[in-house]
Amino acid sequence: MKIFLKPFLVFALIVSTFSCGNDDDAVITPTLNTSEYFKYTLNNGTERIFDASAKGYFTPNTNSPFEKFYFRASAGSVNDASIFVDGDFTFPDFTTFTNESNFSWGISDGVTSNFIFTEFSPGHIFVSSITNFASSPVMCTVTVHPVNVGDYIEFTFEGDFLYATDTTAQGTIVGEGRILRKPDQ
């Protein structure tokens, strides 16, 4: 029940808190950090770069049929407010995750939802975990796995999606990430 309610509550909170207009709060000011980042482009538009910090950790979830590698990347904005992206990879066990390179974003096998992320910023909201995805999902390719604490996960992703706030509107997304693995939680 808890797993089912979490995405719904997050979605309800986000939709009630943020609008989808263009707002100065959503203008990101990159730090040009090449060690840790998460960045993406929607519909060949402006690249959104979250490079102030990008940290992740493995969550074993012993009472659940899946485990997660969760991450958060942050960026500053023109008014010095923090903007962040939360994301995760879900999988049946950590060995499976470190041996898998291709993840379908938005396709669930009944246990995992694979790769998802959500951006929280005034005037710019992108929720991936709630939408019904197009027939050709976003594909994520992990090129470096965070096998040990202190390792990085590196990945790229691209494909088609439906907007969470308007499921009649389809778009394209291209992006990449390099996230530092911190101690497990």
# chains A, B, ... in the order shown; residues from 1 in each chain; ligands from 1
call {"tool": "residues_around", "arguments": {"residues": "Ser74 in chain A", "least_positions_apart": "2", "cutoff": "6 Å", "atoms": "only C-alpha atoms", "output": "MDAnalysis selection string"}}
result
chainID A and resid 50 52:53 83:84
call {"tool": "write_last_selection", "arguments": {"atoms": "C-alpha atoms", "output": "CSV table (one decimal), in the first residue's frame"}}
result
chain,number,residue,atom,x,y,z
A,50,PHE,CA,22.2,20.1,-12.5
A,52,ALA,CA,26.1,21.8,-8.1
A,53,SER,CA,26.0,18.4,-6.6
A,83,ILE,CA,16.5,23.4,-7.8
A,84,PHE,CA,16.9,19.7,-7.8
call {"tool": "residues_around", "arguments": {"residues": "Ala75 in chain A", "least_positions_apart": "6", "cutoff": "10 Å", "atoms": "only C-alpha atoms", "output": "number ranges by chain"}}
result
A: 26-31, 37-38, 48-54, 81-85
call {"tool": "closest_residue", "arguments": {"among": "A:Val174, A:Asp184, A:Lys68, A:Pro146", "to": "Asn44 in chain A", "atoms": "only C-alpha atoms"}}
result
A:Val174
call {"tool": "closest_residue", "arguments": {"among": "A:Leu42, A:Val78, A:Val144, A:Leu32", "to": "Leu180 in chain A", "atoms": "only C-alpha atoms"}}
result
A:Val144
call {"tool": "closest_residue", "arguments": {"among": "A:Asn99, A:Thr143, A:Asn43, A:Asn61", "to": "Glu158 in chain A", "atoms": "only C-alpha atoms"}}
result
A:Asn43
call {"tool": "residues_around", "arguments": {"residues": "Cys140 in chain A", "least_positions_apart": "5", "cutoff": "8 Å", "atoms": "only C-alpha atoms", "output": "PyMOL selection string"}}
result
chain A and resi 101-105+115+155-158
call {"tool": "write_last_selection", "arguments": {"atoms": "C-alpha atoms", "output": "PDB file, in the first residue's frame"}}
result
ATOM      1  CA  SER A 101      23.403  -1.832 -18.920  1.00  0.00           C
ATOM      2  CA  ASN A 102      20.058  -1.098 -20.592  1.00  0.00           C
ATOM      3  CA  PHE A 103      16.997   0.126 -18.709  1.00  0.00           C
ATOM      4  CA  SER A 104      13.595   0.997 -20.202  1.00  0.00           C
ATOM      5  CA  TRP A 105      12.291   4.134 -18.541  1.00  0.00           C
ATOM      6  CA  PHE A 115      14.860   4.369 -14.465  1.00  0.00           C
ATOM      7  CA  PHE A 155      24.572   6.863 -17.992  1.00  0.00           C
ATOM      8  CA  THR A 156      22.874   8.352 -21.044  1.00  0.00           C
ATOM      9  CA  PHE A 157      19.193   8.296 -21.959  1.00  0.00           C
ATOM     10  CA  GLU A 158      16.930   9.261 -24.845  1.00  0.00           C
TER      11      GLU A 158
END
call {"tool": "closest_residue", "arguments": {"among": "A:Asp88, A:Glu36, A:Gly45, A:Phe94", "to": "Thr172 in chain A", "atoms": "only C-alpha atoms"}}
result
A:Gly45
call {"tool": "residues_around", "arguments": {"residues": "Val149 in chain A", "least_positions_apart": "5", "cutoff": "10 Å", "atoms": "only C-alpha atoms", "output": "list in words"}}
result
Gly56, Tyr57, Phe58, Leu180, Arg181, Lys182, Pro183 and Asp184 of chain A
call {"tool": "write_last_selection", "arguments": {"atoms": "all heavy atoms", "output": "short mmCIF file (atom, residue, chain, number, x, y, z; two decimals), in the first residue's frame"}}
result
data_model
loop_
_atom_site.label_atom_id
_atom_site.label_comp_id
_atom_site.auth_asym_id
_atom_site.auth_seq_id
_atom_site.Cartn_x
_atom_site.Cartn_y
_atom_site.Cartn_z
N GLY A 56 24.42 9.85 -4.96
CA GLY A 56 23.48 8.74 -4.95
C GLY A 56 23.85 7.72 -3.90
O GLY A 56 24.95 7.76 -3.33
N TYR A 57 22.95 6.80 -3.66
CA TYR A 57 23.23 5.73 -2.72
C TYR A 57 22.32 4.53 -3.00
O TYR A 57 21.23 4.67 -3.57
CB TYR A 57 23.06 6.19 -1.27
CG TYR A 57 21.71 6.77 -0.93
CD1 TYR A 57 20.66 5.95 -0.55
CD2 TYR A 57 21.49 8.13 -1.01
CE1 TYR A 57 19.42 6.48 -0.25
CE2 TYR A 57 20.25 8.66 -0.71
CZ TYR A 57 19.22 7.83 -0.33
OH TYR A 57 17.98 8.35 -0.05
N PHE A 58 22.79 3.37 -2.60
CA PHE A 58 22.05 2.14 -2.74
C PHE A 58 21.16 1.95 -1.52
O PHE A 58 21.58 2.15 -0.39
CB PHE A 58 23.04 0.97 -2.87
CG PHE A 58 22.42 -0.38 -2.76
CD1 PHE A 58 21.39 -0.78 -3.60
CD2 PHE A 58 22.87 -1.28 -1.81
CE1 PHE A 58 20.82 -2.03 -3.49
CE2 PHE A 58 22.31 -2.54 -1.70
CZ PHE A 58 21.29 -2.92 -2.54
N LEU A 180 27.94 10.41 -8.02
CA LEU A 180 28.86 9.79 -7.05
C LEU A 180 28.07 8.95 -6.06
O LEU A 180 27.10 9.41 -5.46
CB LEU A 180 29.62 10.88 -6.30
CG LEU A 180 30.56 10.40 -5.19
CD1 LEU A 180 31.69 9.56 -5.76
CD2 LEU A 180 31.10 11.59 -4.41
N ARG A 181 28.50 7.68 -5.86
CA ARG A 181 27.85 6.81 -4.88
C ARG A 181 28.38 7.11 -3.48
O ARG A 181 29.57 7.00 -3.23
CB ARG A 181 28.08 5.33 -5.22
CG ARG A 181 27.41 4.41 -4.21
CD ARG A 181 27.59 2.95 -4.54
NE ARG A 181 27.09 2.11 -3.46
CZ ARG A 181 27.28 0.81 -3.39
NH1 ARG A 181 27.93 0.18 -4.37
NH2 ARG A 181 26.81 0.13 -2.37
N LYS A 182 27.49 7.46 -2.60
CA LYS A 182 27.78 7.73 -1.19
C LYS A 182 27.44 6.47 -0.38
O LYS A 182 26.91 5.52 -0.93
CB LYS A 182 26.98 8.93 -0.70
CG LYS A 182 27.28 10.22 -1.46
CD LYS A 182 28.71 10.66 -1.34
CE LYS A 182 28.95 11.36 -0.03
NZ LYS A 182 30.29 11.85 0.16
N PRO A 183 27.67 6.45 0.94
CA PRO A 183 27.34 5.26 1.75
C PRO A 183 25.87 4.85 1.63
O PRO A 183 24.99 5.70 1.51
CB PRO A 183 27.66 5.72 3.19
CG PRO A 183 28.73 6.75 3.01
CD PRO A 183 28.36 7.48 1.75
N ASP A 184 25.64 3.55 1.65
CA ASP A 184 24.31 2.99 1.49
C ASP A 184 23.38 3.45 2.62
O ASP A 184 23.82 3.71 3.73
CB ASP A 184 24.37 1.46 1.49
CG ASP A 184 25.24 0.93 0.34
OD1 ASP A 184 25.51 1.71 -0.60
OD2 ASP A 184 25.63 -0.24 0.40
#
call {"tool": "atom_distance", "arguments": {"atom1": "CA of Thr34 in chain A", "atom2": "CA of Arg72 in chain A"}}
result
15.9 Å
call {"tool": "atom_distance", "arguments": {"atom1": "CA of Asp151 in chain A", "atom2": "CA of Thr90 in chain A"}}
result
18.3 Å
call {"tool": "atom_distance", "arguments": {"atom1": "CA of Tyr40 in chain A", "atom2": "CA of Glu100 in chain A"}}
result
22.0 Å
call {"tool": "select_by_dssp", "arguments": {"residues": "range 26-116 of chain A", "states": "strand (DSSP E or B)", "output": "JSON, numbers by chain"}}
result
{"A": [28, 29, 37, 38, 39, 40, 41, 42, 48, 49, 50, 53, 54, 55, 56, 57, 58, 59, 67, 68, 69, 70, 71, 72, 73, 74, 75, 76, 77, 82, 83, 84, 85, 86, 87, 88, 89, 90, 91, 102, 103, 104, 105, 115, 116]}
